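**Q** Structure supplied as upload_20.csv; contents: CSV, C-alpha atoms.
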chain,number,residue,atom,x,y,z
A,1,MET,CA,53.9,81.1,-66.7
A,2,LYS,CA,56.6,82.9,-68.7
A,3,ASN,CA,57.9,86.5,-68.7
A,4,VAL,CA,56.7,87.2,-65.1
A,5,LEU,CA,56.8,91.0,-64.4
A,6,ALA,CA,56.5,93.1,-61.2
A,7,ILE,CA,53.7,95.6,-61.5
A,8,CYS,CA,52.2,98.3,-59.2
A,9,SER,CA,49.0,97.7,-57.2
A,10,ARG,CA,46.9,99.8,-59.6
A,11,CYS,CA,48.1,97.8,-62.6
A,12,HIS,CA,47.5,94.7,-60.6
A,13,GLY,CA,43.9,95.9,-60.1
A,14,VAL,CA,43.6,96.2,-63.9
A,15,LYS,CA,45.0,92.7,-64.5
A,16,HIS,CA,42.4,91.3,-62.1
A,17,PHE,CA,39.6,93.5,-63.3
A,18,LYS,CA,36.8,91.1,-62.4
A,19,ASN,CA,38.0,91.1,-58.8
A,20,SER,CA,38.4,94.9,-58.8
A,21,VAL,CA,34.7,95.2,-59.9
A,22,ARG,CA,33.7,92.7,-57.2
A,23,LEU,CA,35.5,94.9,-54.6
A,24,GLY,CA,34.0,98.1,-55.9
A,25,PHE,CA,37.1,99.4,-57.6
A,26,GLY,CA,36.1,98.7,-61.2
A,27,GLU,CA,35.8,102.4,-62.3
A,28,GLU,CA,39.2,103.2,-60.7
A,29,ALA,CA,40.9,100.3,-62.5
A,30,GLU,CA,39.4,101.3,-65.9
A,31,LYS,CA,40.5,105.0,-65.3
A,32,HIS,CA,44.0,103.8,-64.5
A,33,PHE,CA,44.2,101.7,-67.7
A,34,LEU,CA,43.0,104.6,-69.9
A,35,GLU,CA,45.5,107.0,-68.4
A,36,VAL,CA,48.6,104.7,-68.5
A,37,ASN,CA,47.9,103.5,-72.0
A,38,ASN,CA,46.5,106.8,-73.4
A,39,ALA,CA,43.6,104.7,-74.6
A,40,SER,CA,39.9,105.3,-75.4
A,41,GLU,CA,37.0,103.5,-73.7
A,42,MET,CA,36.5,101.5,-76.9
A,43,GLN,CA,40.1,100.3,-76.7
A,44,PHE,CA,39.6,99.4,-73.1
A,45,ALA,CA,36.4,97.4,-74.0
A,46,ASN,CA,38.3,95.5,-76.7
A,47,HIS,CA,41.2,94.7,-74.3
A,48,LEU,CA,38.8,93.6,-71.6
A,49,ASN,CA,36.9,91.3,-74.0
A,50,LYS,CA,40.1,89.7,-75.1
A,51,ALA,CA,41.2,89.2,-71.5
A,52,LEU,CA,37.9,87.6,-70.5
A,53,LEU,CA,38.2,85.1,-73.4
A,54,GLU,CA,41.7,84.2,-72.3
A,55,TYR,CA,40.5,83.8,-68.7
A,56,GLU,CA,37.7,81.4,-69.8
A,57,GLU,CA,40.2,79.4,-71.9
A,58,ARG,CA,42.7,79.0,-69.1
A,59,ASN,CA,39.9,78.0,-66.7
A,60,LYS,CA,39.4,74.9,-68.7
A,61,VAL,CA,42.6,73.5,-67.3
A,62,TYR,CA,42.1,71.9,-64.0
A,63,ARG,CA,45.7,71.1,-63.2
A,64,TRP,CA,48.8,73.1,-63.8
A,65,LYS,CA,52.3,71.8,-63.7
A,66,ILE,CA,55.0,74.1,-62.4
A,67,ILE,CA,58.3,73.9,-64.3
A,68,ALA,CA,60.9,76.2,-62.7
A,69,ASN,CA,64.6,76.4,-62.8
A,70,LEU,CA,65.6,77.9,-59.5
A,71,GLU,CA,69.3,77.5,-60.0
A,72,LYS,CA,69.8,81.1,-61.2
A,73,PHE,CA,68.1,82.4,-58.1
A,74,GLY,CA,70.5,80.4,-55.8
A,75,GLY,CA,68.2,77.4,-55.6
A,76,ARG,CA,70.4,74.7,-56.9
A,77,GLY,CA,69.0,71.2,-56.1
A,78,ILE,CA,65.6,72.6,-55.0
A,79,GLU,CA,62.7,70.7,-56.6
A,80,VAL,CA,59.3,72.3,-57.0
A,81,LYS,CA,56.7,69.9,-55.5
A,82,GLN,CA,53.9,69.2,-57.9
A,83,ASN,CA,50.2,69.0,-56.9
A,84,ASN,CA,49.4,65.3,-57.4
A,85,THR,CA,45.6,65.5,-57.6
A,86,PRO,CA,44.0,63.1,-60.0
A,87,LEU,CA,41.0,64.2,-62.1
A,88,ILE,CA,37.7,62.8,-61.1
A,89,LYS,CA,35.4,61.4,-63.8
A,90,ASN,CA,31.9,61.7,-62.2
A,91,PRO,CA,29.4,59.0,-63.2
A,92,TYR,CA,26.6,61.3,-61.9
A,93,GLU,CA,27.6,64.5,-63.7
A,94,ASN,CA,24.2,65.1,-65.4
A,95,VAL,CA,21.9,63.8,-62.7
A,96,GLU,CA,19.1,66.1,-61.7
A,97,TRP,CA,18.8,65.1,-58.0
A,98,ASP,CA,15.6,66.9,-57.2
A,99,LYS,CA,13.7,65.0,-60.0
A,100,LEU,CA,14.8,61.4,-59.2
A,101,SER,CA,12.2,58.7,-58.6
A,102,TYR,CA,12.9,55.7,-56.5
A,103,ASP,CA,13.2,53.6,-59.8
A,104,ASP,CA,15.8,56.0,-61.1
A,105,THR,CA,17.7,55.7,-57.9
A,106,LYS,CA,17.8,51.9,-58.2
A,107,GLU,CA,19.4,52.3,-61.7
A,108,LEU,CA,22.1,54.7,-60.3
A,109,PHE,CA,23.1,52.9,-57.1
A,110,GLU,CA,23.3,49.4,-55.7
A,111,ILE,CA,20.7,49.4,-52.9
A,112,ILE,CA,20.3,46.8,-50.1
A,113,ARG,CA,17.3,47.4,-47.9
A,114,ASN,CA,16.8,45.9,-44.4
A,115,ASP,CA,13.4,45.1,-42.9
A,116,ASN,CA,13.1,48.7,-41.7
A,117,LEU,CA,10.6,51.4,-42.4
A,118,ILE,CA,13.3,54.0,-42.8
A,119,GLY,CA,14.8,52.4,-45.9
A,120,ALA,CA,18.3,52.5,-47.3
A,121,PRO,CA,20.3,55.8,-47.2
A,122,LYS,CA,19.0,58.3,-49.7
A,123,ILE,CA,21.3,60.4,-51.8
A,124,VAL,CA,20.4,64.1,-51.8
A,125,SER,CA,23.2,65.2,-54.2
A,126,ILE,CA,26.7,64.4,-55.3
A,127,ASP,CA,29.0,67.2,-56.5
A,128,VAL,CA,32.5,67.0,-57.9
A,129,ASP,CA,34.9,69.9,-57.8
A,130,ASN,CA,37.8,69.1,-60.1
A,131,PHE,CA,39.6,72.4,-59.4
A,132,GLN,CA,39.9,71.4,-55.7
A,133,GLY,CA,39.8,67.6,-56.2
A,134,ILE,CA,36.8,67.1,-53.9
A,135,ILE,CA,33.8,64.9,-54.0
A,136,GLN,CA,30.9,66.1,-51.8
A,137,VAL,CA,28.0,63.7,-50.9
A,138,LYS,CA,24.8,64.8,-49.2
A,139,SER,CA,22.5,62.1,-47.9
A,140,LEU,CA,19.8,61.1,-45.5
A,141,PHE,CA,19.3,58.1,-43.2
A,142,ALA,CA,23.1,57.2,-43.2
A,143,ASP,CA,25.1,56.4,-40.1
A,144,LYS,CA,28.4,56.3,-41.9
A,145,ILE,CA,30.1,56.5,-45.3
A,146,GLU,CA,32.9,54.2,-46.4
A,147,TRP,CA,35.2,55.1,-49.3
A,148,TYR,CA,37.0,52.4,-51.4
A,149,ILE,CA,39.8,52.7,-53.9
A,150,ASP,CA,40.1,49.7,-56.2
A,151,GLU,CA,37.9,47.7,-53.7
A,152,ILE,CA,40.2,48.6,-50.7
A,153,LYS,CA,38.6,50.6,-47.9
A,154,VAL,CA,40.6,53.8,-47.4
A,155,LYS,CA,38.3,56.1,-45.3
A,156,THR,CA,35.3,56.0,-43.0
A,157,LYS,CA,33.3,58.9,-41.6
A,158,TYR,CA,30.5,58.6,-39.0
A,159,HIS,CA,27.3,60.5,-38.6
A,160,THR,CA,24.5,60.8,-36.0
A,161,ALA,CA,21.3,62.3,-37.4
A,162,GLY,CA,19.8,64.6,-40.1
A,163,LEU,CA,21.4,65.6,-43.3
A,164,PHE,CA,24.8,64.0,-43.7
A,165,ILE,CA,27.3,66.2,-45.7
A,166,THR,CA,30.7,64.7,-46.3
A,167,LYS,CA,33.6,65.6,-48.5
A,168,LEU,CA,36.5,63.6,-49.7
A,169,LYS,CA,39.8,65.1,-51.1
A,170,VAL,CA,41.5,62.9,-53.7
A,171,LYS,CA,44.9,64.7,-53.5
A,172,GLU,CA,47.8,62.1,-53.4
A,173,MET,CA,45.3,59.2,-53.9
A,174,ILE,CA,46.6,56.4,-56.0
A,175,GLY,CA,44.2,54.1,-57.8
A,176,LYS,CA,41.9,53.8,-60.7
A,177,GLN,CA,38.4,53.6,-59.3
A,178,LEU,CA,36.8,55.2,-56.3
A,179,LYS,CA,33.4,54.5,-54.8
A,180,PHE,CA,31.5,55.0,-51.6
A,181,LYS,CA,29.0,53.0,-49.5
A,182,LEU,CA,26.5,54.7,-47.3
A,183,ILE,CA,25.4,52.5,-44.3
A,184,GLY,CA,22.4,53.1,-42.1
A,185,ASN,CA,19.8,51.1,-40.0
A,186,GLY,CA,17.7,50.7,-43.1
A,187,GLY,CA,20.3,49.3,-45.4
A,188,GLU,CA,23.2,50.3,-47.7
A,189,THR,CA,23.6,52.4,-50.8
A,190,THR,CA,26.7,52.0,-52.9
A,191,SER,CA,27.8,54.3,-55.7
A,192,LYS,CA,29.0,53.6,-59.2
A,193,PRO,CA,32.8,54.0,-59.5
A,194,PHE,CA,34.4,57.4,-59.9
A,195,GLU,CA,37.3,57.1,-62.3
A,196,LEU,CA,40.6,58.7,-61.1
A,197,LEU,CA,42.6,60.0,-64.1
A,198,PRO,CA,46.1,61.3,-64.3
A,199,GLN,CA,46.1,65.1,-63.9
A,200,GLU,CA,46.1,67.2,-67.0
A,201,VAL,CA,49.2,69.2,-67.8
A,202,LEU,CA,49.5,72.3,-69.9
Do you think you could lay out the structure here as structure tokens?
**A**
Amino acid sequence: MKNVLAICSRCHGVKHFKNSVRLGFGEEAEKHFLEVNNASEMQFANHLNKALLEYEERNKVYRWKIIANLEKFGGRGIEVKQNNTPLIKNPYENVEWDKLSYDDTKELFEIIRNDNLIGAPKIVSIDVDNFQGIIQVKSLFADKIEWYIDEIKVKTKYHTAGLFITKLKVKEMIGKQLKFKLIGNGGETTSKPFELLPQEVL
């Protein structure tokens, strides 16, 4: 960010107009914009449309790097800690989980079944949030999940019964490939690897 300015709370409400609308202050924010800028409603609409396009463009960036010289503020020698969260390339990005057949599942996962009527753990859904750097796995018939980075086990989480919802944060993780293995009485289900990519910088 460059040219950072201090503004009043009403102008702040205009800057974050979508949030003002969400909180029920949209009309007040628009009125403030019109008065301060001596503008028409058409000018406000044009300004808002431009701001929304800029918002959508900036939201395409998952990771931001902070470059700050704090010396002029008396912060000589202070370093700004960067958010080291790799980007997650999801091998299941376009999967429609509610439409999967068992044959489809065998193509997407390595499945080992025991002689058990329950069967191997079943994947309900996999979601990747690259803004937060989180992988969420929902499954059934699993007693635990093991996570591996480059074939080295890094985390295990246990479960008792019912729907198993688990999340993994990749912040500060170092490696190239991440995968999980769900283990239950009926067998094992192992995922394809999720690629961990260096964070994008704008």
**Q** Each residue of region 32-134 of chain A lying at most 10 Å from region 176-190 of chain A should get a row with its shortest atom-to-atom pair and the distance in Å to one decimal, counting all atoms listed in the file; could you produce that, ordered by chain and increasing number, as JSON lines?
**A**
{"residue": "A:Pro86", "atom": "CA", "partner": "A:Lys176", "partner_atom": "CA", "distance": 9.6}
{"residue": "A:Ile88", "atom": "CA", "partner": "A:Leu178", "partner_atom": "CA", "distance": 9.0}
{"residue": "A:Lys89", "atom": "CA", "partner": "A:Gln177", "partner_atom": "CA", "distance": 9.5}
{"residue": "A:Thr105", "atom": "CA", "partner": "A:Thr189", "partner_atom": "CA", "distance": 9.8}
{"residue": "A:Lys106", "atom": "CA", "partner": "A:Thr189", "partner_atom": "CA", "distance": 9.4}
{"residue": "A:Leu108", "atom": "CA", "partner": "A:Thr190", "partner_atom": "CA", "distance": 9.1}
{"residue": "A:Phe109", "atom": "CA", "partner": "A:Thr190", "partner_atom": "CA", "distance": 5.6}
{"residue": "A:Glu110", "atom": "CA", "partner": "A:Thr190", "partner_atom": "CA", "distance": 5.1}
{"residue": "A:Ile111", "atom": "CA", "partner": "A:Thr189", "partner_atom": "CA", "distance": 4.7}
{"residue": "A:Ile112", "atom": "CA", "partner": "A:Glu188", "partner_atom": "CA", "distance": 5.1}
{"residue": "A:Arg113", "atom": "CA", "partner": "A:Gly187", "partner_atom": "CA", "distance": 4.3}
{"residue": "A:Asn114", "atom": "CA", "partner": "A:Gly187", "partner_atom": "CA", "distance": 5.0}
{"residue": "A:Asp115", "atom": "CA", "partner": "A:Gly186", "partner_atom": "CA", "distance": 7.1}
{"residue": "A:Asn116", "atom": "CA", "partner": "A:Gly186", "partner_atom": "CA", "distance": 5.2}
{"residue": "A:Leu117", "atom": "CA", "partner": "A:Gly186", "partner_atom": "CA", "distance": 7.2}
{"residue": "A:Ile118", "atom": "CA", "partner": "A:Gly186", "partner_atom": "CA", "distance": 5.5}
{"residue": "A:Gly119", "atom": "CA", "partner": "A:Gly186", "partner_atom": "CA", "distance": 4.4}
{"residue": "A:Ala120", "atom": "CA", "partner": "A:Gly187", "partner_atom": "CA", "distance": 4.2}
{"residue": "A:Pro121", "atom": "CA", "partner": "A:Thr189", "partner_atom": "CA", "distance": 6.0}
{"residue": "A:Lys122", "atom": "CA", "partner": "A:Thr189", "partner_atom": "CA", "distance": 7.6}
{"residue": "A:Ile123", "atom": "CA", "partner": "A:Thr189", "partner_atom": "CA", "distance": 8.4}
**Q** Skipping near chain neighbours, those fewer than 3 positions away, what residues fall within 10 Å of Thr85 (chain A) using only C-alpha atoms, listed as a list in words?
**A**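 With the cut-off at 10 Å, the set is Tyr62, Arg63, Gln82, Ile88, Asn130, Phe131, Gln132, Gly133, Ile134, Lys169, Val170, Lys171, Glu172, Met173, Ile174, Leu196, Leu197, Pro198, Gln199 and Glu200 of chain A.
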**Q** Mind pulling up the distance from CA of Trp97 (chain A) to CA of Gly175 (chain A)?
**A**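 Value for the CA of Gly175 (chain A)-CA of Trp97 (chain A) distance: 27.7 Å.
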**Q** Report, in Å to a single decimal, how far apart CA of Arg58 (chain A) and CA of Ala29 (chain A) are.
**A**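 Separation of CA of Ala29 (chain A) and CA of Arg58 (chain A): 22.4 Å.
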**Q** Using only C-alpha atoms, determine which residues lie at most 12 Å from region 5-14 of chain A, disregarding the query and same-chain residues fewer than 6 positions distant; provide the list as number ranges by chain.
**A** A: 20-37, 44, 47-48, 51
**Q** How many Å separate CA of Val124 (chain A) from CA of Thr156 (chain A)?
**A**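 Pair CA of Val124 (chain A) / CA of Thr156 (chain A) returns 19.1 Å.
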**Q** Which one is closest to Lys15 (chain A): A:Ile135, A:Tyr55, A:Ala39, A:Leu100? Count only C-alpha atoms.
**A**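 Looking only at the distances to Lys15 (chain A), the closest residue turns out to be A:Tyr55.
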**Q** Using all atoms listed in the file, which of A:Gly74, A:Lys153, A:Asn90, A:Phe17 sits nearest Leu52 (chain A)?
**A**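 Between A:Gly74, A:Lys153, A:Asn90, A:Phe17, the residue approaching Leu52 (chain A) most closely is A:Phe17.
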**Q** Counting all atoms listed in the file, figure out which residue out of A:Leu87, A:Phe164, A:Asp127, A:Leu140 gets nearest to Val61 (chain A).
**A**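 The answer is A:Leu87, which sits nearest to Val61 (chain A).
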**Q** Mind completing region 87-121 of chain A with N, CA and C atoms? Output as a tab-separated table (two decimals), keeping the file's coordinate frame, please?
**A**
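What landed in selection.tsv:
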chain	number	residue	atom	x	y	z
A	87	LEU	N	42.32	63.73	-61.65
A	87	LEU	CA	41.00	64.20	-62.10
A	87	LEU	C	39.95	63.20	-61.81
A	88	ILE	N	38.77	63.66	-61.47
A	88	ILE	CA	37.70	62.80	-61.10
A	88	ILE	C	36.65	62.74	-62.21
A	89	LYS	N	36.42	61.56	-62.76
A	89	LYS	CA	35.40	61.40	-63.80
A	89	LYS	C	34.09	61.00	-63.03
A	90	ASN	N	33.10	61.88	-63.04
A	90	ASN	CA	31.90	61.70	-62.20
A	90	ASN	C	30.81	60.97	-62.98
A	91	PRO	N	30.43	59.78	-62.53
A	91	PRO	CA	29.40	59.00	-63.20
A	91	PRO	C	27.99	59.64	-63.03
A	92	TYR	N	27.89	60.63	-62.15
A	92	TYR	CA	26.60	61.30	-61.90
A	92	TYR	C	26.56	62.73	-62.34
A	93	GLU	N	27.38	63.06	-63.31
A	93	GLU	CA	27.60	64.50	-63.70
A	93	GLU	C	26.27	65.14	-64.14
A	94	ASN	N	25.42	64.44	-64.87
A	94	ASN	CA	24.20	65.10	-65.40
A	94	ASN	C	22.93	64.70	-64.71
A	95	VAL	N	23.05	64.20	-63.50
A	95	VAL	CA	21.90	63.80	-62.70
A	95	VAL	C	21.17	65.00	-62.14
A	96	GLU	N	19.85	65.09	-62.32
A	96	GLU	CA	19.10	66.10	-61.70
A	96	GLU	C	18.46	65.55	-60.40
A	97	TRP	N	19.12	65.80	-59.28
A	97	TRP	CA	18.80	65.10	-58.00
A	97	TRP	C	17.42	65.37	-57.53
A	98	ASP	N	16.90	66.56	-57.75
A	98	ASP	CA	15.60	66.90	-57.20
A	98	ASP	C	14.44	66.24	-58.04
A	99	LYS	N	14.77	65.61	-59.17
A	99	LYS	CA	13.70	65.00	-60.00
A	99	LYS	C	13.80	63.47	-60.02
A	100	LEU	N	14.65	62.89	-59.19
A	100	LEU	CA	14.80	61.40	-59.20
A	100	LEU	C	13.67	60.70	-58.57
A	101	SER	N	13.19	59.65	-59.23
A	101	SER	CA	12.20	58.70	-58.60
A	101	SER	C	12.99	57.61	-57.95
A	102	TYR	N	12.28	56.79	-57.19
A	102	TYR	CA	12.90	55.70	-56.50
A	102	TYR	C	13.48	54.68	-57.58
A	103	ASP	N	12.72	54.47	-58.68
A	103	ASP	CA	13.20	53.60	-59.80
A	103	ASP	C	14.46	54.11	-60.40
A	104	ASP	N	14.53	55.44	-60.57
A	104	ASP	CA	15.80	56.00	-61.10
A	104	ASP	C	16.94	55.77	-60.18
A	105	THR	N	16.70	55.91	-58.89
A	105	THR	CA	17.70	55.70	-57.90
A	105	THR	C	18.28	54.28	-57.95
A	106	LYS	N	17.39	53.30	-58.16
A	106	LYS	CA	17.80	51.90	-58.20
A	106	LYS	C	18.71	51.65	-59.45
A	107	GLU	N	18.56	52.47	-60.49
A	107	GLU	CA	19.40	52.30	-61.70
A	107	GLU	C	20.80	52.96	-61.42
A	108	LEU	N	20.86	53.94	-60.54
A	108	LEU	CA	22.10	54.70	-60.30
A	108	LEU	C	22.96	54.13	-59.19
A	109	PHE	N	22.35	53.37	-58.27
A	109	PHE	CA	23.10	52.90	-57.10
A	109	PHE	C	22.71	51.42	-56.84
A	110	GLU	N	23.62	50.74	-56.16
A	110	GLU	CA	23.30	49.40	-55.70
A	110	GLU	C	22.71	49.58	-54.27
A	111	ILE	N	21.45	49.18	-54.13
A	111	ILE	CA	20.70	49.40	-52.90
A	111	ILE	C	20.34	48.11	-52.23
A	112	ILE	N	20.68	47.99	-50.96
A	112	ILE	CA	20.30	46.80	-50.10
A	112	ILE	C	19.43	47.37	-49.01
A	113	ARG	N	18.17	46.89	-48.94
A	113	ARG	CA	17.30	47.40	-47.90
A	113	ARG	C	17.09	46.30	-46.82
A	114	ASN	N	17.11	46.75	-45.57
A	114	ASN	CA	16.80	45.90	-44.40
A	114	ASN	C	15.29	45.93	-44.18
A	115	ASP	N	14.81	45.09	-43.31
A	115	ASP	CA	13.40	45.10	-42.90
A	115	ASP	C	13.21	46.28	-41.95
A	116	ASN	N	13.18	47.47	-42.52
A	116	ASN	CA	13.10	48.70	-41.70
A	116	ASN	C	12.31	49.72	-42.46
A	117	LEU	N	11.44	50.43	-41.77
A	117	LEU	CA	10.60	51.40	-42.40
A	117	LEU	C	11.38	52.60	-42.98
A	118	ILE	N	12.55	52.87	-42.41
A	118	ILE	CA	13.30	54.00	-42.80
A	118	ILE	C	13.83	53.84	-44.27
A	119	GLY	N	14.25	52.64	-44.61
A	119	GLY	CA	14.80	52.40	-45.90
A	119	GLY	C	16.30	52.65	-45.98
A	120	ALA	N	16.91	52.29	-47.10
A	120	ALA	CA	18.30	52.50	-47.30
A	120	ALA	C	18.68	53.97	-47.34
A	121	PRO	N	19.93	54.35	-47.06
A	121	PRO	CA	20.30	55.80	-47.20
A	121	PRO	C	19.95	56.36	-48.52
